[in-house]
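Have a look at data-v5.cif; it's mmCIF, C-alpha atoms:
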data_input
loop_
_atom_site.group_PDB
_atom_site.id
_atom_site.type_symbol
_atom_site.label_atom_id
_atom_site.label_comp_id
_atom_site.auth_asym_id
_atom_site.auth_seq_id
_atom_site.Cartn_x
_atom_site.Cartn_y
_atom_site.Cartn_z
ATOM 1 C CA ASP A 1 104.444 112.290 92.123
ATOM 2 C CA LYS A 2 104.899 108.615 91.322
ATOM 3 C CA TRP A 3 102.545 106.030 89.975
ATOM 4 C CA ASN A 4 104.989 103.237 89.200
ATOM 5 C CA ILE A 5 104.583 100.047 91.203
ATOM 6 C CA ARG A 6 107.188 99.942 93.993
ATOM 7 C CA THR A 7 108.880 96.685 94.967
ATOM 8 C CA ASP A 8 107.000 96.519 98.272
ATOM 9 C CA ALA A 9 103.724 97.101 96.415
ATOM 10 C CA GLN A 10 104.556 94.304 93.957
ATOM 11 C CA TYR A 11 104.763 91.922 96.894
ATOM 12 C CA GLU A 12 101.296 92.965 98.071
ATOM 13 C CA LEU A 13 99.835 92.868 94.560
ATOM 14 C CA GLU A 14 101.036 89.293 94.161
ATOM 15 C CA ASN A 15 98.559 88.402 96.924
ATOM 16 C CA ILE A 16 95.758 89.895 94.810
ATOM 17 C CA VAL A 17 97.026 87.999 91.747
ATOM 18 C CA ASP A 18 97.054 84.731 93.741
ATOM 19 C CA VAL A 19 93.480 85.261 94.943
ATOM 20 C CA LEU A 20 92.281 86.029 91.422
ATOM 21 C CA ARG A 21 93.975 82.878 90.112
ATOM 22 C CA LYS A 22 92.372 80.729 92.827
ATOM 23 C CA HIS A 23 88.923 82.199 92.181
ATOM 24 C CA PRO A 24 88.355 82.236 88.419
ATOM 25 C CA GLU A 25 84.897 83.822 88.687
ATOM 26 C CA MET A 26 86.051 86.708 90.874
ATOM 27 C CA VAL A 27 85.849 90.266 89.513
ATOM 28 C CA ILE A 28 87.346 93.238 91.337
ATOM 29 C CA LYS A 29 87.467 96.992 91.106
ATOM 30 C CA ILE A 30 90.446 99.140 92.089
ATOM 31 C CA GLU A 31 90.286 102.544 93.777
ATOM 32 C CA SER A 32 93.393 104.660 94.400
ATOM 33 C CA HIS A 33 93.776 107.746 96.576
ATOM 34 C CA THR A 34 96.356 110.459 97.253
ATOM 35 C CA ASP A 35 97.232 112.753 100.107
ATOM 36 C CA SER A 36 96.204 116.425 99.938
ATOM 37 C CA ARG A 37 99.591 117.810 98.938
ATOM 38 C CA GLY A 38 99.501 119.084 95.386
ATOM 39 C CA GLY A 39 96.570 120.566 93.534
ATOM 40 C CA ASP A 40 93.183 118.885 93.586
ATOM 41 C CA ARG A 41 93.118 118.284 89.813
ATOM 42 C CA TYR A 42 96.714 117.076 89.814
ATOM 43 C CA ASN A 43 95.963 114.591 92.606
ATOM 44 C CA MET A 44 92.912 113.308 90.751
ATOM 45 C CA LYS A 45 95.065 112.579 87.690
ATOM 46 C CA LEU A 46 97.884 111.109 89.808
ATOM 47 C CA SER A 47 95.558 108.731 91.635
ATOM 48 C CA ASP A 48 93.983 107.666 88.354
ATOM 49 C CA ARG A 49 97.432 106.865 86.931
ATOM 50 C CA ARG A 50 98.173 104.854 90.080
ATOM 51 C CA ALA A 51 94.929 102.904 89.759
ATOM 52 C CA LYS A 52 95.637 102.138 86.113
ATOM 53 C CA ALA A 53 99.259 101.169 86.852
ATOM 54 C CA THR A 54 97.923 98.751 89.476
ATOM 55 C CA ARG A 55 95.452 97.307 86.962
ATOM 56 C CA ASP A 56 98.176 96.997 84.329
ATOM 57 C CA TYR A 57 100.497 95.228 86.772
ATOM 58 C CA ILE A 58 97.821 92.651 87.620
ATOM 59 C CA ILE A 59 97.107 92.088 83.924
ATOM 60 C CA SER A 60 100.857 91.742 83.243
ATOM 61 C CA ARG A 61 100.881 88.815 85.687
ATOM 62 C CA GLY A 62 98.507 86.868 83.440
ATOM 63 C CA ILE A 63 95.183 87.934 84.905
ATOM 64 C CA SER A 64 92.480 88.632 82.308
ATOM 65 C CA LYS A 65 91.455 92.283 81.990
ATOM 66 C CA ASP A 66 87.850 91.038 82.275
ATOM 67 C CA LYS A 67 88.506 90.282 85.958
ATOM 68 C CA ILE A 68 88.967 93.995 86.675
ATOM 69 C CA GLU A 69 85.728 95.936 86.349
ATOM 70 C CA SER A 70 87.338 99.339 86.840
ATOM 71 C CA ALA A 71 90.459 101.150 88.018
ATOM 72 C CA ILE A 72 89.629 104.668 89.155
ATOM 73 C CA GLY A 73 91.497 107.379 91.031
ATOM 74 C CA TYR A 74 89.736 109.544 93.583
ATOM 75 C CA GLY A 75 92.559 111.945 94.383
ATOM 76 C CA GLU A 76 92.155 113.520 97.789
ATOM 77 C CA THR A 77 88.352 113.376 97.833
ATOM 78 C CA GLN A 78 88.182 110.585 100.440
ATOM 79 C CA LEU A 79 90.825 111.402 103.054
ATOM 80 C CA LEU A 80 91.033 109.128 106.094
ATOM 81 C CA ASN A 81 92.097 111.858 108.513
ATOM 82 C CA LYS A 82 92.234 115.624 109.053
ATOM 83 C CA CYS A 83 95.033 116.175 106.516
ATOM 84 C CA ALA A 84 93.110 118.291 104.008
ATOM 85 C CA ASN A 85 94.578 121.198 102.045
ATOM 86 C CA LYS A 86 96.701 123.579 104.136
ATOM 87 C CA VAL A 87 96.510 121.402 107.286
ATOM 88 C CA ASP A 88 99.879 120.582 108.855
ATOM 89 C CA CYS A 89 100.345 116.829 109.089
ATOM 90 C CA THR A 90 103.199 114.421 109.632
ATOM 91 C CA GLU A 91 104.538 112.274 106.817
ATOM 92 C CA GLU A 92 102.895 109.247 108.450
ATOM 93 C CA GLU A 93 99.514 110.999 108.458
ATOM 94 C CA HIS A 94 99.874 111.880 104.781
ATOM 95 C CA GLN A 95 100.917 108.289 104.003
ATOM 96 C CA MET A 96 97.612 107.015 105.418
ATOM 97 C CA ASN A 97 95.816 108.778 102.577
ATOM 98 C CA ARG A 98 98.050 107.340 99.824
ATOM 99 C CA ARG A 99 96.386 103.983 99.311
ATOM 100 C CA SER A 100 94.564 101.641 96.978
ATOM 101 C CA TYR A 101 91.526 99.535 97.741
ATOM 102 C CA PHE A 102 90.400 96.359 96.025
ATOM 103 C CA TYR A 103 86.706 95.575 96.107
ATOM 104 C CA ILE A 104 85.252 92.202 95.169
ATOM 105 C CA ILE A 105 82.398 92.795 92.742
ATOM 106 C CA LYS A 106 81.678 89.168 91.913
ATOM 107 C CA GLU A 107 82.830 85.997 93.664
#
Mind converting the file's structure to structure tokens?
Amino acid sequence: DKWNIRTDAQYELENIVDVLRKHPEMVIKIESHTDSRGGDRYNMKLSDRRAKATRDYIISRGISKDKIESAIGYGETQLLNKCANKVDCTEEEHQMNRRSYFYIIKE
């Protein structure tokens, strides 16, 4: 239920910020995903808020918004494992599906 940037995520995002600073022509896109717990529509909105919070964090660190092509949430539409709706999974299995990807669009 959270989309704020955790302290451990800030550490990882600083790596993205550093790369973007070192490569002024680079443009990225951000994709965020959730696990299958919660409703499908809710998870779509949650993942979109997470993607936009990630984008906003990067921009807050002095990176131009022009370096981020998009920040989109995909909810639970691209699960990495069997943990779809109503499938029993461990917390670790659910955690695998809660993730964000950063794609380089232009170098």
Using only C-alpha atoms, determine which residues lie at most 12 Å from A:Thr90, disregarding the query and same-chain residues fewer than 4 positions distant; provide the list as a compact mmCIF listing (two decimals) with C-alpha atoms, keeping the file's coordinate frame.
# COMPACT_ATOMS: atom_id res chain seq x y z
CA ASP A 35 97.23 112.75 100.11
CA ARG A 37 99.59 117.81 98.94
CA ASN A 81 92.10 111.86 108.51
CA LYS A 82 92.23 115.62 109.05
CA CYS A 83 95.03 116.18 106.52
CA HIS A 94 99.87 111.88 104.78
CA GLN A 95 100.92 108.29 104.00
CA MET A 96 97.61 107.02 105.42
CA ASN A 97 95.82 108.78 102.58
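With atom CA of A:Gln10 on one side and atom CA of A:Lys52 on the other, the separation reads 14.2 Å.
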Who sits within 12 Å of A:Ala53, all atoms listed in the file, same chain under 3 positions skipped, as a ChimeraX atom specification: /A:2-6,9-10,13,30-32,46-50,56-60,71-73,100
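With distances taken over all atoms listed in the file, A:Val87 is the one residue among A:Ile68, A:Val87, A:Val17, A:Arg61 lying closest to A:Ser36.
Comparing A:Tyr103, A:Thr54, A:Gly62, A:His33 by their smallest distance to A:Leu80, the closest is A:His33 (using only C-alpha atoms).
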Restricting to only C-alpha atoms, whichever of A:Thr34, A:Tyr74, A:Glu25, A:Lys106 is closest to A:Glu93 is A:Thr34
From atom CA of A:Tyr42 to atom CA of A:Ile104 the spacing works out at 27.9 Å
Students should find that atom CA of A:Ile63 and atom CA of A:Arg99 are spaced 21.6 Å
With distances taken over only C-alpha atoms, the candidate from A:Leu79, A:Asp88, A:Arg98, A:Lys67 nearest A:Ile28 is A:Lys67
